[in-house]
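J.: The structure that follows is given in the form of structure tokens.
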Amino acid sequence: MVEFKLPKVKRNTVVGRNNREQFSAEINSYIAQTRVYRSYFEDPNNRRWFEKKYGFKVYKPKRYLVVGRRNDFECDEWIEIKSDYTDVEIVTYDDLVDTVVSQFYQ
């Protein structure tokens with residue numbers, strides 16, 4: 001499942017003191033939203049309804065969050081913090097565009 005947010009983030013994406021950096025409340029809120037969507041599919045009734053309506057099964061979907069631009073996430077701490085979130089892939093709009101463009105040259 002893919003959650004798209006605006007390409008412009010409102011504040012710094014990493015906050016906190018030295019050696020205690022973390023994602024901002026804005027980014028954590030977006031991650032939490034994808035968690036709620038994932039939880040929806042933990043209910044067998046919701047999975048059956050979705051399969052009946054859309055024709056395919058979903059169980060434990062991979063989560064993607066598309067947010068911000070590459071320059072919003074340039075600090076070294078970003079990579080370290082991101083590695084703590086193994087069940088959600090966070091990509092920027094620049095990453096998404098690069099991936100799509102690279103498909104034209106394959």
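Please note that chains go A, B, ... in the order of the structure tokens, that every chain numbers its residues from 1, and that ligands are numbered from 1 in the order shown.
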Output as a PyMOL selection string all residues of chain A that backbone DSSP marks as helix (DSSP H, G or I).
T.: chain A and resi 25-40+44-54+70-73+76-82+93-104
J.: Applying 9 Å and only C-alpha atoms, which residues near Glu21 in chain A remain after dropping the ones on its own chain fewer than 3 positions away? List them as a list of chain:residue names.
T.: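 Those residues are A:Val14, A:Val15, A:Gly16, A:Arg17, A:Asn18, A:Glu77, A:Trp78, A:Ile81.
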J.: Excluding same-chain residues fewer than 4 positions from Glu26 in chain A, what lies within 12 Å of it counting only C-alpha atoms, as a PyMOL selection string?
T.: chain A and resi 5-6+8-15+22+30-33+67-68
J.: For the residues in that selection, give me C-alpha atoms as a PDB file, in the first residue's frame.
T.:
```pdb
ATOM      1  CA  LYS A   5       1.857  13.019   1.153  1.00  0.00           C
ATOM      2  CA  LEU A   6       2.729  16.442  -0.200  1.00  0.00           C
ATOM      3  CA  LYS A   8       6.839  19.781   0.703  1.00  0.00           C
ATOM      4  CA  VAL A   9       7.290  18.940   4.376  1.00  0.00           C
ATOM      5  CA  LYS A  10       6.344  21.639   6.866  1.00  0.00           C
ATOM      6  CA  ARG A  11       9.349  21.423   9.199  1.00  0.00           C
ATOM      7  CA  ASN A  12      12.594  19.570   9.749  1.00  0.00           C
ATOM      8  CA  THR A  13      12.186  15.843   9.230  1.00  0.00           C
ATOM      9  CA  VAL A  14      14.686  14.990  11.973  1.00  0.00           C
ATOM     10  CA  VAL A  15      14.450  16.580  15.413  1.00  0.00           C
ATOM     11  CA  GLN A  22      14.266  11.059  15.786  1.00  0.00           C
ATOM     12  CA  TYR A  30       2.420   9.749   8.404  1.00  0.00           C
ATOM     13  CA  ILE A  31       4.015   6.436   9.414  1.00  0.00           C
ATOM     14  CA  ALA A  32       1.242   5.884  11.973  1.00  0.00           C
ATOM     15  CA  GLN A  33      -1.361   6.433   9.268  1.00  0.00           C
ATOM     16  CA  VAL A  67       6.849  12.288   1.188  1.00  0.00           C
ATOM     17  CA  GLY A  68       9.048  15.319   0.689  1.00  0.00           C
TER      18      GLY A  68
END
```
J.: Check range 3-82 of chain A with DSSP on the backbone and list each residue it calls strand (DSSP E or B), as a short mmCIF file (atom, residue, chain, number, x, y, z; two decimals) with C-alpha atoms, in the first residue's frame.
T.:
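states25.cif, written as the output of this step:
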```cif
data_model
loop_
_atom_site.label_atom_id
_atom_site.label_comp_id
_atom_site.auth_asym_id
_atom_site.auth_seq_id
_atom_site.Cartn_x
_atom_site.Cartn_y
_atom_site.Cartn_z
CA GLU A 3 0.55 6.60 1.10
CA PHE A 4 1.28 9.82 -0.79
CA VAL A 14 14.69 14.99 11.97
CA VAL A 15 14.45 16.58 15.41
CA GLN A 22 14.27 11.06 15.79
CA PHE A 23 11.73 11.63 13.04
CA ARG A 63 3.83 -0.13 3.36
CA TYR A 64 5.34 2.72 1.35
CA LEU A 65 5.34 6.37 2.37
CA VAL A 66 6.09 8.92 -0.36
#
```
J.: Quick one: residues within 12 Å of Asn46 in chain A, only C-alpha atoms, excluding same-chain residues fewer than 6 positions away - as number ranges by chain?
T.: A: 37-40, 52-54, 57-59
J.: Using the selection just defined, write its residues with N, CA, C and O atoms as a PDB file, in the first residue's frame.
T.:
```
ATOM      1  N   TYR A  37      -3.736   1.652   8.248  1.00  0.00           N
ATOM      2  CA  TYR A  37      -4.180   0.984   7.033  1.00  0.00           C
ATOM      3  C   TYR A  37      -3.803  -0.495   7.066  1.00  0.00           C
ATOM      4  O   TYR A  37      -4.585  -1.352   6.672  1.00  0.00           O
ATOM      5  N   ARG A  38      -2.590  -0.794   7.514  1.00  0.00           N
ATOM      6  CA  ARG A  38      -2.148  -2.194   7.602  1.00  0.00           C
ATOM      7  C   ARG A  38      -3.039  -2.953   8.578  1.00  0.00           C
ATOM      8  O   ARG A  38      -3.447  -4.081   8.311  1.00  0.00           O
ATOM      9  N   SER A  39      -3.359  -2.323   9.699  1.00  0.00           N
ATOM     10  CA  SER A  39      -4.211  -2.972  10.709  1.00  0.00           C
ATOM     11  C   SER A  39      -5.588  -3.308  10.146  1.00  0.00           C
ATOM     12  O   SER A  39      -6.196  -4.306  10.542  1.00  0.00           O
ATOM     13  N   TYR A  40      -6.069  -2.498   9.239  1.00  0.00           N
ATOM     14  CA  TYR A  40      -7.365  -2.752   8.604  1.00  0.00           C
ATOM     15  C   TYR A  40      -7.392  -4.150   7.992  1.00  0.00           C
ATOM     16  O   TYR A  40      -8.375  -4.878   8.093  1.00  0.00           O
ATOM     17  N   LYS A  52     -13.568  -9.402  -2.378  1.00  0.00           N
ATOM     18  CA  LYS A  52     -14.828  -9.464  -3.122  1.00  0.00           C
ATOM     19  C   LYS A  52     -15.008  -8.228  -4.006  1.00  0.00           C
ATOM     20  O   LYS A  52     -15.429  -8.320  -5.157  1.00  0.00           O
ATOM     21  N   LYS A  53     -14.667  -7.072  -3.479  1.00  0.00           N
ATOM     22  CA  LYS A  53     -14.859  -5.819  -4.216  1.00  0.00           C
ATOM     23  C   LYS A  53     -13.813  -5.624  -5.318  1.00  0.00           C
ATOM     24  O   LYS A  53     -14.134  -5.178  -6.418  1.00  0.00           O
ATOM     25  N   TYR A  54     -12.533  -5.940  -5.026  1.00  0.00           N
ATOM     26  CA  TYR A  54     -11.451  -5.615  -5.972  1.00  0.00           C
ATOM     27  C   TYR A  54     -10.830  -6.837  -6.657  1.00  0.00           C
ATOM     28  O   TYR A  54     -10.001  -6.683  -7.552  1.00  0.00           O
ATOM     29  N   LYS A  57      -6.464 -10.810  -3.208  1.00  0.00           N
ATOM     30  CA  LYS A  57      -6.257 -10.978  -1.773  1.00  0.00           C
ATOM     31  C   LYS A  57      -5.152 -10.061  -1.280  1.00  0.00           C
ATOM     32  O   LYS A  57      -4.144  -9.866  -1.971  1.00  0.00           O
ATOM     33  N   VAL A  58      -5.350  -9.540  -0.077  1.00  0.00           N
ATOM     34  CA  VAL A  58      -4.329  -8.712   0.569  1.00  0.00           C
ATOM     35  C   VAL A  58      -4.159  -9.217   1.992  1.00  0.00           C
ATOM     36  O   VAL A  58      -5.140  -9.347   2.727  1.00  0.00           O
ATOM     37  N   TYR A  59      -2.914  -9.510   2.334  1.00  0.00           N
ATOM     38  CA  TYR A  59      -2.605  -9.929   3.691  1.00  0.00           C
ATOM     39  C   TYR A  59      -1.228  -9.395   4.036  1.00  0.00           C
ATOM     40  O   TYR A  59      -0.271  -9.627   3.292  1.00  0.00           O
TER      41      TYR A  59
END
```
J.: Give me, as a VMD selection string, all polymer residues having an atom no more than 8 Å from Lys62 in chain A, counting only C-alpha atoms and skipping those fewer than 6 positions away in the same chain.
T.: chain A and resid 1 87 to 88
J.: What is the CA of Phe73 in chain A-CA of Ser29 in chain A distance in Å, reported with one decimal?
T.: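 Calculated distance between CA of Phe73 in chain A and CA of Ser29 in chain A is 16.6 Å.
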J.: I need the residue nearest Phe41 in chain A from this list: A:Gly55, A:Ser24, A:Pro61, A:Ile90. Use only C-alpha atoms for the distance.
T.: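 Answer, going by the shortest atom-to-atom distance: A:Pro61.
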